[in-house]
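To be precise, the following lines are model.txt, and they hold compact mmCIF, C-alpha atoms.
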```txt
# COMPACT_ATOMS: atom_id res chain seq x y z
CA MET A 560 2.84 -83.90 11.82
CA LEU A 561 2.36 -81.87 8.64
CA ARG A 562 -1.13 -80.91 9.68
CA ARG A 563 0.14 -79.67 13.00
CA VAL A 564 2.79 -77.56 11.33
CA THR A 565 0.41 -76.03 8.80
CA SER A 566 -2.17 -75.26 11.47
CA SER A 567 0.46 -73.48 13.51
CA ILE A 568 1.65 -71.46 10.52
CA VAL A 569 -1.74 -70.67 8.95
CA GLN A 570 -3.88 -69.24 11.68
CA SER A 571 -7.57 -69.45 10.87
CA ARG A 572 -8.41 -67.08 13.71
CA GLY A 573 -6.88 -64.10 12.02
CA ILE A 574 -8.57 -64.61 8.65
CA LYS A 575 -11.11 -61.95 7.86
CA HIS A 576 -14.34 -63.31 6.43
CA THR A 577 -15.61 -61.72 3.27
CA VAL A 578 -19.24 -62.38 4.11
CA ASN A 579 -20.58 -59.62 6.28
CA VAL A 580 -22.46 -61.55 8.93
CA LYS A 581 -22.76 -60.05 12.36
CA TRP A 582 -23.88 -62.26 15.17
CA VAL A 583 -25.39 -60.92 18.39
CA ARG A 584 -25.95 -63.55 21.01
CA PRO A 585 -29.46 -63.19 22.46
CA ASP A 586 -29.50 -62.38 26.16
CA TYR A 587 -30.81 -64.86 28.65
CA VAL A 588 -34.43 -64.10 29.49
CA PRO A 589 -35.74 -65.52 32.77
CA SER A 590 -39.01 -67.37 32.46
CA TYR A 591 -40.97 -64.99 34.69
CA LYS A 592 -40.43 -62.13 32.25
CA PRO A 593 -43.53 -61.44 30.15
CA GLU A 594 -41.70 -61.82 26.82
CA LYS A 595 -40.89 -65.39 27.80
CA SER A 596 -44.12 -66.35 29.55
CA GLY A 597 -46.29 -64.82 26.82
CA ASP A 598 -48.25 -62.37 28.99
CA LEU A 599 -49.12 -59.29 26.98
CA GLU A 600 -50.92 -57.45 29.75
CA GLY A 601 -49.80 -56.04 33.07
CA LEU A 602 -51.80 -55.77 36.27
CA PRO A 603 -55.47 -54.87 36.00
CA PRO A 604 -56.10 -51.38 37.44
CA ILE A 605 -57.23 -51.97 41.02
CA PRO A 606 -56.96 -48.90 43.30
CA GLY A 607 -55.33 -49.29 46.71
CA THR A 608 -58.45 -48.11 48.50
CA THR A 609 -60.47 -51.18 47.42
CA LEU A 610 -61.59 -53.37 50.31
CA GLY A 611 -60.24 -56.90 50.68
CA LYS A 612 -62.23 -59.65 48.94
CA TYR A 613 -63.94 -61.13 52.00
CA TYR A 614 -64.07 -57.96 54.14
CA ALA A 615 -66.09 -56.28 51.38
CA GLN A 616 -68.91 -58.80 51.95
CA SER A 617 -69.35 -57.71 55.58
CA GLU A 618 -72.39 -55.62 56.55
CA GLU A 619 -70.56 -53.61 59.19
CA ILE A 620 -67.94 -52.24 56.84
CA LYS A 621 -70.53 -50.51 54.70
CA ASP A 622 -71.25 -47.77 57.24
CA ALA A 623 -67.86 -47.84 58.97
CA PRO A 624 -65.78 -44.65 59.28
CA GLU A 625 -63.10 -43.87 56.71
CA SER A 626 -60.26 -44.82 59.06
CA VAL A 627 -61.63 -48.36 59.49
CA LYS A 628 -62.12 -48.71 55.74
CA LYS A 629 -58.54 -47.65 55.25
CA ILE A 630 -57.33 -50.39 57.56
CA PHE A 631 -59.25 -53.02 55.60
CA SER A 632 -58.17 -51.69 52.20
CA VAL A 633 -55.83 -53.67 49.93
CA ALA A 634 -53.04 -51.15 50.37
CA HIS A 635 -53.00 -51.96 54.11
CA LEU A 636 -53.72 -55.66 53.97
CA GLY A 637 -50.74 -56.54 51.80
CA GLN A 638 -49.98 -58.34 48.58
CA LYS A 639 -51.78 -61.56 49.42
CA GLU A 640 -55.15 -59.85 49.58
CA PHE A 641 -54.31 -57.82 46.50
CA SER A 642 -53.50 -60.96 44.52
CA LEU A 643 -56.89 -62.40 45.53
CA LEU A 644 -58.56 -59.40 43.93
CA VAL A 645 -56.47 -59.71 40.78
CA LYS A 646 -57.34 -63.38 40.55
CA GLU A 647 -61.02 -62.59 40.96
CA GLU A 648 -60.86 -59.96 38.23
CA LEU A 649 -59.14 -62.28 35.77
CA LYS A 650 -61.39 -65.23 36.53
CA SER A 651 -64.51 -63.12 36.13
CA ARG A 652 -63.57 -62.56 32.48
CA VAL A 653 -63.94 -66.22 31.58
CA ARG A 654 -66.26 -67.66 34.21
CA ARG A 655 -68.98 -70.03 32.97
CA HIS A 656 -71.26 -69.74 36.00
CA LYS A 657 -71.17 -68.36 39.53
CA TYR A 658 -69.57 -71.42 41.12
CA ASP A 659 -67.10 -72.15 38.32
CA ASP A 660 -63.61 -72.51 39.77
CA GLY A 661 -62.15 -75.69 38.34
CA THR A 662 -62.55 -75.58 34.56
CA ALA A 663 -59.58 -75.11 32.26
CA GLU A 664 -60.49 -71.48 31.61
CA THR A 665 -60.67 -70.37 35.22
CA ARG A 666 -57.60 -72.35 36.21
CA SER A 667 -55.57 -70.75 33.41
CA ALA A 668 -56.83 -67.35 34.54
CA GLY A 669 -55.72 -68.13 38.09
CA PHE A 670 -52.21 -68.92 36.91
CA ASN A 671 -52.01 -65.55 35.21
CA VAL A 672 -51.93 -63.70 38.51
CA ASN A 673 -48.46 -64.61 39.55
CA TYR A 674 -46.93 -63.47 36.30
CA CYS A 675 -48.65 -60.16 36.78
CA LEU A 676 -47.34 -59.87 40.30
CA ASN A 677 -43.96 -61.20 39.23
CA LEU A 678 -43.60 -63.71 42.03
CA GLN A 679 -40.46 -65.32 40.71
CA LYS A 680 -40.38 -68.34 42.98
CA ILE A 681 -43.47 -70.10 41.76
CA VAL A 682 -43.71 -68.69 38.28
CA GLN A 683 -41.64 -71.32 36.50
CA GLU A 684 -43.86 -74.11 37.76
CA GLN A 685 -47.04 -72.27 36.99
CA ILE A 686 -46.02 -71.26 33.49
CA ASP A 687 -45.58 -74.92 32.70
CA ARG A 688 -48.91 -75.77 34.28
CA ARG A 689 -50.74 -73.10 32.32
CA LYS A 690 -49.01 -74.13 29.13
CA LYS A 691 -50.01 -77.73 29.71
CA LEU A 692 -53.62 -76.72 30.30
CA MET A 693 -53.60 -74.64 27.14
CA LYS A 694 -52.04 -77.50 25.20
CA TYR A 695 -54.81 -79.88 26.21
CA LEU A 696 -57.52 -77.27 25.66
CA ARG A 697 -56.14 -76.76 22.17
CA GLN A 698 -56.53 -80.46 21.51
CA TYR A 699 -60.12 -80.84 22.59
CA ASP A 700 -61.59 -77.42 21.87
CA TYR A 701 -59.69 -75.16 19.51
CA LYS A 702 -62.30 -72.41 19.35
CA LYS A 703 -62.35 -72.03 23.11
CA PHE A 704 -58.55 -72.01 23.16
CA GLU A 705 -58.44 -69.05 20.79
CA TRP A 706 -61.15 -67.24 22.73
CA LEU A 707 -59.18 -67.74 25.95
CA LEU A 708 -56.00 -66.32 24.41
CA GLU A 709 -57.96 -63.21 23.50
CA LYS A 710 -59.66 -62.86 26.88
CA LEU A 711 -56.59 -63.38 29.06
CA GLU A 712 -54.23 -61.50 26.72
CA ILE A 713 -51.64 -64.23 26.46
CA GLU A 714 -49.58 -65.70 23.64
CA TYR A 715 -49.23 -69.40 22.99
CA LYS A 716 -46.13 -70.79 21.34
CA ALA A 717 -45.62 -74.48 20.83
CA HIS A 718 -42.55 -76.19 22.25
CA PRO A 719 -39.61 -76.25 19.83
CA GLU A 720 -38.82 -79.56 18.19
CA SER A 721 -35.47 -79.86 19.91
CA HIS A 722 -34.08 -78.26 23.04
CA HIS A 723 -30.38 -77.62 22.81
CA LYS A 724 -27.82 -75.12 23.97
CA LEU A 725 -27.21 -72.35 21.49
CA SER A 726 -23.80 -72.46 19.83
CA ARG A 727 -21.86 -69.86 17.89
CA LYS A 728 -21.22 -72.22 15.00
CA GLU A 729 -24.88 -73.10 14.50
CA SER A 730 -25.96 -69.46 14.67
CA LEU A 731 -23.33 -68.37 12.18
CA ARG A 732 -24.34 -71.14 9.81
CA LYS A 733 -27.97 -70.09 9.93
CA LEU A 734 -27.06 -66.44 9.43
CA THR A 735 -24.85 -67.27 6.46
CA GLU A 736 -27.65 -69.34 4.97
CA MET A 737 -30.02 -66.39 5.34
CA HIS A 738 -27.45 -64.11 3.75
CA CYS A 739 -27.08 -66.46 0.78
CA ASP A 740 -30.86 -66.63 0.37
CA ASP A 741 -31.02 -62.84 0.39
CA VAL A 742 -28.35 -62.59 -2.30
CA ARG A 743 -30.14 -65.12 -4.47
CA ASP A 744 -33.54 -63.47 -4.03
CA LYS A 745 -32.09 -60.07 -4.83
CA LYS A 746 -30.56 -61.34 -8.05
CA LEU A 747 -33.76 -63.09 -9.05
CA ASP A 748 -35.80 -59.95 -8.34
CA GLU A 749 -33.46 -57.84 -10.43
CA TYR A 750 -33.70 -60.25 -13.32
CA ARG A 751 -37.48 -60.39 -13.05
CA ASN A 752 -37.66 -56.58 -13.07
CA LEU A 753 -35.45 -56.46 -16.13
CA LEU A 754 -37.64 -58.94 -17.99
CA GLU A 755 -40.85 -57.20 -16.95
CA SER A 756 -39.53 -53.82 -18.07
CA GLN A 757 -38.94 -55.32 -21.52
CA GLN A 758 -42.49 -56.68 -21.68
CA GLY A 759 -44.14 -53.32 -22.45
CA PRO A 760 -42.14 -52.31 -25.52
CA PHE A 761 -42.42 -55.84 -26.88
CA LEU A 762 -46.22 -55.86 -26.50
CA LYS A 763 -46.46 -52.50 -28.29
CA GLN A 764 -44.37 -53.85 -31.14
CA LYS A 765 -46.44 -57.00 -31.28
CA LEU A 766 -49.68 -55.03 -31.38
CA ASP A 767 -48.44 -52.86 -34.26
CA ALA A 768 -47.20 -55.91 -36.15
CA LEU A 769 -50.49 -57.77 -35.75
CA LYS A 770 -52.51 -54.79 -36.89
CA PHE A 771 -50.21 -54.33 -39.87
CA ILE A 772 -50.47 -58.01 -40.86
CA ARG A 773 -54.25 -57.93 -40.60
CA SER A 774 -54.59 -54.80 -42.74
CA GLU A 775 -52.14 -56.13 -45.35
CA GLN A 776 -54.00 -59.43 -45.57
CA ALA A 777 -57.29 -57.57 -46.00
CA ASP A 778 -55.78 -55.33 -48.68
CA LEU A 779 -54.30 -58.20 -50.65
CA GLN A 780 -57.52 -60.24 -50.25
CA MET A 781 -55.68 -63.13 -48.69
CA PRO A 782 -57.14 -65.47 -46.02
CA ILE A 783 -56.99 -63.55 -42.73
CA THR A 784 -54.99 -65.42 -40.09
CA VAL A 785 -54.95 -62.71 -37.38
CA THR A 786 -58.33 -62.47 -35.66
CA GLU A 787 -59.80 -59.52 -33.80
CA GLN A 788 -59.58 -61.59 -30.62
CA ASP A 789 -55.81 -61.91 -30.90
CA ILE A 790 -55.43 -58.16 -31.15
CA ARG A 791 -57.78 -57.54 -28.25
CA LYS A 792 -55.88 -60.01 -26.10
CA VAL A 793 -52.60 -58.22 -26.71
CA GLU A 794 -54.26 -54.87 -25.98
CA GLU A 795 -55.52 -56.17 -22.65
CA GLN A 796 -52.08 -57.49 -21.78
CA LEU A 797 -50.58 -54.12 -22.58
CA LYS A 798 -53.17 -52.37 -20.41
CA GLU A 799 -52.40 -54.67 -17.49
CA TRP A 800 -48.70 -54.08 -17.91
CA THR A 801 -49.07 -50.28 -17.90
CA VAL A 802 -51.11 -50.39 -14.67
CA LYS A 803 -48.51 -52.60 -13.01
CA ASP A 804 -45.67 -50.45 -14.29
CA GLU A 805 -47.25 -47.29 -12.90
CA ILE A 806 -47.62 -48.86 -9.46
CA LYS A 807 -43.99 -49.96 -9.57
CA GLN A 808 -42.75 -46.52 -10.61
CA GLN A 809 -44.72 -44.84 -7.85
CA ALA A 810 -43.26 -47.23 -5.29
CA ARG A 811 -39.79 -46.48 -6.61
CA LYS A 812 -40.41 -42.72 -6.33
CA LYS A 813 -41.63 -43.11 -2.75
CA LYS A 814 -38.53 -45.11 -1.86
CA LYS A 815 -36.30 -42.42 -3.35
CA ASN A 816 -38.10 -39.69 -1.44
CA ILE A 817 -37.76 -41.59 1.82
CA LEU A 818 -34.06 -42.11 1.20
CA LEU A 819 -33.60 -38.41 0.40
CA GLU A 820 -35.49 -37.38 3.53
CA SER A 821 -33.49 -39.69 5.75
CA ASP A 822 -30.25 -38.28 4.31
CA MET B 377 -43.09 -106.44 -10.57
CA ALA B 378 -41.47 -103.45 -8.93
CA ARG B 379 -43.34 -101.10 -11.21
CA SER B 380 -46.71 -102.64 -10.42
CA VAL B 381 -45.99 -102.33 -6.68
CA ALA B 382 -45.05 -98.66 -7.16
CA ASP B 383 -48.25 -98.07 -9.14
CA ALA B 384 -50.32 -99.71 -6.45
CA ALA B 385 -48.60 -97.58 -3.80
CA ARG B 386 -49.44 -94.46 -5.79
CA LYS B 387 -53.12 -95.27 -5.72
CA LEU B 388 -53.07 -95.89 -1.97
CA LEU B 389 -54.70 -93.36 0.31
CA LEU B 390 -52.65 -92.55 3.39
CA LEU B 391 -53.87 -91.21 6.71
CA GLY B 392 -51.63 -88.69 8.45
CA GLN B 393 -51.49 -85.67 10.71
CA CYS B 394 -50.73 -82.14 9.56
CA VAL B 395 -47.67 -80.69 11.36
CA PRO B 396 -46.27 -77.13 11.50
CA THR B 397 -44.36 -76.03 8.39
CA VAL B 398 -42.65 -72.95 7.01
CA LYS B 399 -43.83 -73.51 3.44
CA GLN B 400 -46.74 -71.41 2.22
CA ASN B 401 -49.73 -72.92 0.41
CA ALA B 402 -48.44 -76.37 1.24
CA ALA B 403 -48.79 -78.67 4.20
CA LYS B 404 -46.43 -81.09 5.87
CA ILE B 405 -48.01 -84.36 6.83
CA ARG B 406 -46.65 -86.85 9.34
CA ILE B 407 -47.59 -90.42 8.64
CA LYS B 408 -47.22 -92.96 11.37
CA ARG B 409 -46.17 -96.33 10.14
CA LEU B 410 -45.23 -99.43 12.01
CA GLU B 411 -41.54 -98.89 11.49
CA LEU B 412 -40.77 -95.30 10.65
CA ASP B 413 -42.33 -91.89 10.28
CA GLU B 414 -42.43 -90.29 6.88
CA ASN B 415 -42.53 -86.60 6.24
CA LEU B 416 -44.23 -85.50 3.09
CA LEU B 417 -45.45 -82.26 1.63
CA MET B 418 -48.81 -81.76 -0.02
CA VAL B 419 -50.24 -79.32 -2.52
CA THR B 420 -52.84 -76.73 -1.50
CA LYS B 421 -53.12 -76.02 2.17
CA MET B 422 -56.72 -76.86 2.90
CA CYS B 423 -55.77 -78.37 6.23
CA LYS B 424 -54.41 -76.74 9.37
CA THR B 425 -51.86 -77.91 11.90
CA GLY B 426 -53.04 -80.99 13.75
CA ASP B 427 -55.76 -82.09 11.33
CA ILE B 428 -55.93 -85.73 10.36
CA VAL B 429 -56.04 -85.92 6.55
CA LEU B 430 -56.21 -88.43 3.72
CA ILE B 431 -53.51 -88.00 1.08
CA GLN B 432 -52.77 -89.55 -2.27
CA ALA B 433 -49.63 -89.58 -4.37
CA LEU B 434 -49.57 -87.26 -7.36
CA PRO B 435 -49.02 -88.87 -10.79
CA GLN B 436 -45.94 -86.65 -11.13
CA LYS B 437 -43.94 -84.95 -8.44
CA LEU B 438 -44.59 -81.19 -8.44
CA THR B 439 -41.29 -80.36 -6.77
CA LYS B 440 -38.69 -82.32 -4.91
CA LEU B 441 -40.72 -82.02 -1.71
CA ILE B 442 -44.30 -81.84 -2.91
CA THR B 443 -45.28 -85.37 -3.77
CA HIS B 444 -48.85 -85.88 -2.58
CA GLU B 445 -52.14 -84.08 -2.56
CA VAL B 446 -54.62 -83.71 0.26
CA LYS B 447 -57.84 -85.53 -0.58
CA GLU B 448 -59.91 -84.87 2.48
CA VAL B 449 -59.76 -83.61 6.05
CA VAL B 450 -61.01 -86.53 8.07
CA TYR B 451 -60.80 -85.18 11.63
CA PRO B 452 -60.33 -81.45 12.15
CA PHE B 453 -58.09 -80.71 15.13
CA GLY B 454 -59.76 -79.55 18.32
CA ASP B 455 -63.30 -80.14 17.10
CA ILE B 456 -64.10 -83.70 18.00
CA THR B 457 -67.30 -85.41 16.92
CA ASP B 458 -68.49 -88.66 18.41
CA PRO B 459 -68.75 -91.10 15.45
CA ILE B 460 -71.69 -93.02 16.92
CA THR B 461 -74.07 -90.25 17.97
CA GLY B 462 -72.62 -87.46 15.81
CA LYS B 463 -72.51 -85.08 18.77
CA LYS B 464 -69.63 -82.77 19.60
CA VAL B 465 -67.35 -83.85 22.41
CA ALA B 466 -65.15 -81.94 24.83
CA LYS B 467 -62.92 -84.25 26.86
CA GLU B 468 -65.07 -86.99 28.41
CA MET B 469 -68.40 -85.13 28.08
CA TYR B 470 -70.71 -84.11 25.28
CA ARG B 471 -70.58 -80.40 24.64
CA GLU B 472 -74.35 -80.08 24.98
CA ASP B 473 -74.19 -81.72 28.40
CA VAL B 474 -71.57 -79.20 29.49
CA ASP B 475 -73.80 -76.38 28.26
CA ARG B 476 -76.80 -77.86 30.10
CA GLN B 477 -74.74 -78.06 33.28
CA THR B 478 -73.75 -74.42 32.92
CA GLU B 479 -77.34 -73.41 32.37
CA LEU B 480 -78.49 -75.23 35.51
CA TYR B 481 -75.89 -73.40 37.57
CA GLY B 482 -76.88 -70.10 35.94
CA LYS B 483 -75.04 -69.12 32.80
CA LEU B 484 -72.99 -65.93 33.00
CA GLU B 485 -72.33 -63.55 30.12
CA SER B 486 -68.62 -64.13 30.42
CA SER B 487 -69.01 -67.80 29.43
CA PHE B 488 -67.88 -69.03 26.05
CA ASP B 489 -70.54 -69.58 23.39
CA HIS B 490 -69.72 -72.09 20.68
CA SER B 491 -72.45 -70.92 18.34
CA LYS B 492 -71.06 -67.38 18.21
CA ALA B 493 -67.41 -68.36 17.99
CA PRO B 494 -65.58 -67.60 14.71
CA PRO B 495 -63.99 -70.56 12.87
CA ARG B 496 -60.51 -71.66 13.83
CA GLY B 497 -57.62 -69.49 12.71
CA TRP B 498 -58.59 -65.95 13.71
CA GLN B 499 -55.74 -65.76 16.23
CA GLU B 500 -53.17 -67.33 13.93
CA GLY B 501 -50.02 -65.24 13.90
CA LYS B 502 -51.47 -62.85 16.49
CA LYS B 503 -51.55 -64.76 19.75
CA ASP B 504 -51.53 -68.33 18.54
CA PHE B 505 -48.13 -69.28 17.14
CA THR B 506 -48.56 -72.91 16.20
CA SER B 507 -48.80 -72.92 12.41
CA LYS B 508 -45.02 -72.83 11.96
CA PRO B 509 -42.39 -74.71 13.91
CA THR B 510 -40.77 -72.81 16.78
CA TYR B 511 -37.02 -72.81 17.29
CA THR B 512 -34.36 -71.57 19.66
CA LYS B 513 -33.59 -67.89 19.15
CA PHE B 514 -30.14 -67.63 17.62
CA ASN B 515 -29.61 -63.95 16.87
CA VAL B 516 -30.87 -60.48 17.76
CA PHE B 517 -32.02 -58.77 14.58
CA ASP B 518 -32.28 -54.99 14.32
CA ASP B 519 -35.57 -54.75 12.44
CA LYS B 520 -37.62 -57.92 12.59
CA ASN B 521 -37.60 -60.48 15.34
CA ASP B 522 -39.46 -63.64 14.49
CA PRO B 523 -42.22 -64.51 17.01
CA TYR B 524 -41.54 -68.19 16.34
CA ALA B 525 -38.07 -67.83 17.89
CA ILE B 526 -38.12 -68.73 21.56
```
Written form, structure tokens:
Amino acid sequence: MLRRVTSSIVQSRGIKHTVNVKWVRPDYVPSYKPEKSGDLEGLPPIPGTTLGKYYAQSEEIKDAPESVKKIFSVAHLGQKEFSLLVKEELKSRVRRHKYDDGTAETRSAGFNVNYCLNLQKIVQEQIDRRKKLMKYLRQYDYKKFEWLLEKLEIEYKAHPESHHKLSRKESLRKLTEMHCDDVRDKKLDEYRNLLESQQGPFLKQKLDALKFIRSEQADLQMPITVTEQDIRKVEEQLKEWTVKDEIKQQARKKKKNILLESD
Amino acid sequence: MARSVADAARKLLLLGQCVPTVKQNAAKIRIKRLELDENLLMVTKMCKTGDIVLIQALPQKLTKLITHEVKEVVYPFGDITDPITGKKVAKEMYREDVDRQTELYGKLESSFDHSKAPPRGWQEGKKDFTSKPTYTKFNVFDDKNDPYAI
């Protein structure tokens, strides 16, 4: 009863959060889109005047008039003939021998065609088939798998560990976590910079002190506790620090200039 | 008694498979046991995702997660060797037999050559996104969008 009353009085909806986290829900991307299927390349450049795959092998077409050639060109014959040419082009990149048509490489190349042509109906099935082929190829021959990715211009991403519907709560939690990490890292970086900036003056002081101690001990003919090596070590440290500091300062200057230019 | 068992367990070598991880210079190993799977993290990433490795417990834990070290890569992933003959295998055939077959048919220049291929990992982070775990995309960022988000 009390809980009900308090929840009705104190509305959590209206409370403004102090953490500045902005969530943009990612749009739905259909699987035939290249960013989802992993195809980085569009159609290979095949001009419309190219003859169809099997008509090109004919003897008669070689000395046929232009009008006949036009009729048997891909632009006239339609998309089916065009896709045959695309398939041939892609398969020829990875073919082992002249008769090779059933190995994992050539089959994967064949599946590429439909993404290029954007035939939405069959794409979903074929994406999965290609992915499966690539998955197995990865298991039994990793080097060939990488070579195939390069040749066919495709990306391979493993399946996520869990498939679930995206929720607002989960996304906000992750974003808040990232924000917290950023805050922590920033603070740590600042502290590190502060400590590193103090390193230089301290090393200088230490170097002077060591030199002074050594000269005093020599003057007073006491046993010398500070060796030349100690002094050299500190000098090297100081040198390293100055080089690092210069690089840092230059980076800072560049950042300032960029900010000024953007303003 | 309990201490001696723990000591003995520390000296044990475990066989596991390297799985994708976000951590740098460390590997996550999945160990299959009869009852449950155990996820552990190792020092020095000498193995890549999918490799079968031998691990041993460190005398002291380095961090909360890093408890073991990788001793040896037993079976590299995607590069299978037949233990009896010592020949390389692709699926159900020896690789040299596949090459011989290709040569008989007439090898083309477009075919893949194992001897010229660079070692595994040259596509990592470029076209091959398997070294880290992928996840469902949960936000649209202005500047950087993670390729591991699907």
### Message
Need the shell around Ile428 in chain B: protein/DNA/RNA residues with any atom at most 12 Å away, counting only C-alpha atoms. Skip same-chain ones fewer than 4 positions apart. Format as a PyMOL selection string?
### Response
chain B and resi 390-395+403-408+422-424+446-456
Filtering to C-alpha atoms, could you give me those residues as a PDB file, in the coordinates of the input?
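result.pdb written:
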```
ATOM      1  CA  LEU B 390     -52.650 -92.550   3.390  1.00  0.00           C
ATOM      2  CA  LEU B 391     -53.870 -91.210   6.710  1.00  0.00           C
ATOM      3  CA  GLY B 392     -51.630 -88.690   8.450  1.00  0.00           C
ATOM      4  CA  GLN B 393     -51.490 -85.670  10.710  1.00  0.00           C
ATOM      5  CA  CYS B 394     -50.730 -82.140   9.560  1.00  0.00           C
ATOM      6  CA  VAL B 395     -47.670 -80.690  11.360  1.00  0.00           C
ATOM      7  CA  ALA B 403     -48.790 -78.670   4.200  1.00  0.00           C
ATOM      8  CA  LYS B 404     -46.430 -81.090   5.870  1.00  0.00           C
ATOM      9  CA  ILE B 405     -48.010 -84.360   6.830  1.00  0.00           C
ATOM     10  CA  ARG B 406     -46.650 -86.850   9.340  1.00  0.00           C
ATOM     11  CA  ILE B 407     -47.590 -90.420   8.640  1.00  0.00           C
ATOM     12  CA  LYS B 408     -47.220 -92.960  11.370  1.00  0.00           C
ATOM     13  CA  MET B 422     -56.720 -76.860   2.900  1.00  0.00           C
ATOM     14  CA  CYS B 423     -55.770 -78.370   6.230  1.00  0.00           C
ATOM     15  CA  LYS B 424     -54.410 -76.740   9.370  1.00  0.00           C
ATOM     16  CA  VAL B 446     -54.620 -83.710   0.260  1.00  0.00           C
ATOM     17  CA  LYS B 447     -57.840 -85.530  -0.580  1.00  0.00           C
ATOM     18  CA  GLU B 448     -59.910 -84.870   2.480  1.00  0.00           C
ATOM     19  CA  VAL B 449     -59.760 -83.610   6.050  1.00  0.00           C
ATOM     20  CA  VAL B 450     -61.010 -86.530   8.070  1.00  0.00           C
ATOM     21  CA  TYR B 451     -60.800 -85.180  11.630  1.00  0.00           C
ATOM     22  CA  PRO B 452     -60.330 -81.450  12.150  1.00  0.00           C
ATOM     23  CA  PHE B 453     -58.090 -80.710  15.130  1.00  0.00           C
ATOM     24  CA  GLY B 454     -59.760 -79.550  18.320  1.00  0.00           C
ATOM     25  CA  ASP B 455     -63.300 -80.140  17.100  1.00  0.00           C
ATOM     26  CA  ILE B 456     -64.100 -83.700  18.000  1.00  0.00           C
TER      27      ILE B 456
END
```
### Query
Out of A:Val588, A:Ala615, A:Ala634, A:Ile605, which residue has the shortest atom-to-atom distance to chain B when counting only C-alpha atoms?
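Selected residue with least distance to chain B: A:Val588.
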### Message
Excluding Leu711 in chain A and its own-chain neighbours fewer than 3 positions away, which residues fall within 10 Å of it when counting only C-alpha atoms? Please give them as JSON, numbers by chain.
### Response
{"A": [598, 599, 600, 649, 650, 652, 653, 664, 667, 668, 671, 706, 707, 708, 714]}
Would you give me, as CSV, each residue of chain A having an atom within 10 Å of an atom of chain B, along with its shortest atom pair and that distance in Å to one decimal, using only C-alpha atoms and sorting by chain and residue number?
```
residue,atom,partner,partner_atom,distance
A:Lys581,CA,B:Asn515,CA,9.1
A:Trp582,CA,B:Asn515,CA,6.2
A:Val583,CA,B:Asn515,CA,5.4
A:Arg584,CA,B:Asn515,CA,5.5
A:Pro585,CA,B:Val516,CA,5.6
A:Asp586,CA,B:Val516,CA,8.7
A:Val588,CA,B:Ile526,CA,9.9
A:Glu594,CA,B:Ile526,CA,9.4
A:Lys595,CA,B:Ile526,CA,7.6
A:Gly597,CA,B:Lys503,CA,8.8
A:Leu599,CA,B:Lys503,CA,9.4
A:Lys650,CA,B:Ser486,CA,9.5
A:Ser651,CA,B:Ser486,CA,7.1
A:Arg652,CA,B:Ser486,CA,5.7
A:Val653,CA,B:Ser486,CA,5.3
A:Arg654,CA,B:Ser487,CA,5.5
A:Arg655,CA,B:Ser487,CA,4.2
A:His656,CA,B:Lys483,CA,5.0
A:Lys657,CA,B:Gly482,CA,7.0
A:Tyr658,CA,B:Tyr481,CA,7.5
A:Asp659,CA,B:Thr478,CA,8.9
A:Glu664,CA,B:Ser487,CA,9.5
A:Tyr695,CA,B:Lys467,CA,9.2
A:Leu696,CA,B:Gly454,CA,8.0
A:Arg697,CA,B:Gly454,CA,6.0
A:Gln698,CA,B:Gly454,CA,4.6
A:Tyr699,CA,B:Gly454,CA,4.5
A:Asp700,CA,B:Gly454,CA,4.5
A:Tyr701,CA,B:Gly454,CA,4.5
A:Lys702,CA,B:Arg496,CA,5.9
A:Lys703,CA,B:Phe488,CA,6.9
A:Phe704,CA,B:Gly454,CA,9.0
A:Glu705,CA,B:Gln499,CA,6.2
A:Trp706,CA,B:Phe488,CA,7.7
A:Leu707,CA,B:Phe488,CA,8.8
A:Leu708,CA,B:Lys503,CA,6.6
A:Glu709,CA,B:Lys503,CA,7.6
A:Lys710,CA,B:Ser486,CA,9.7
A:Glu712,CA,B:Lys503,CA,8.1
A:Ile713,CA,B:Lys503,CA,6.7
A:Glu714,CA,B:Lys503,CA,4.5
A:Tyr715,CA,B:Asp504,CA,5.1
A:Lys716,CA,B:Phe505,CA,4.9
A:Ala717,CA,B:Thr506,CA,5.7
A:His718,CA,B:Thr510,CA,6.7
A:Pro719,CA,B:Thr510,CA,4.7
A:Glu720,CA,B:Tyr511,CA,7.0
A:Ser721,CA,B:Tyr511,CA,7.7
A:His722,CA,B:Thr512,CA,7.5
A:His723,CA,B:Thr512,CA,7.9
A:Lys724,CA,B:Thr512,CA,8.6
A:Leu725,CA,B:Phe514,CA,6.8
A:Ser726,CA,B:Phe514,CA,8.3
A:Arg727,CA,B:Phe514,CA,8.6
A:Glu729,CA,B:Phe514,CA,8.2
A:Ser730,CA,B:Phe514,CA,5.4
A:Leu731,CA,B:Phe514,CA,8.7
A:Lys733,CA,B:Phe514,CA,8.4
A:Leu734,CA,B:Asn515,CA,8.2
```
#### Entry: Given all atoms listed in the file as the counted atoms, nearest of B:Gln432, B:Glu445, B:Thr461, B:Lys520 to Ala384 in chain B
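Among the listed residues, B:Gln432 lies closest to Ala384 in chain B.
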Please report, as JSON, the centre and edge lengths in Å to one decimal of an axis-aligned box covering all listed atoms of range 492-511 of chain B with 4 Å per side.
```
{"center_x": -54.0, "center_y": -68.8, "center_z": 15.9, "size_x": 42.0, "size_y": 19.9, "size_z": 15.8}
```
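Here CA of Lys792 in chain A stands at a distance of 17.5 Å from CA of Ser774 in chain A.
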### Nearest to Leu438 in chain B by atom-to-atom distance, counting all atoms listed in the file, from B:Thr425, B:Lys492, B:Ala402, B:Ala385
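Closest residue, counting all atoms listed in the file: B:Ala402.
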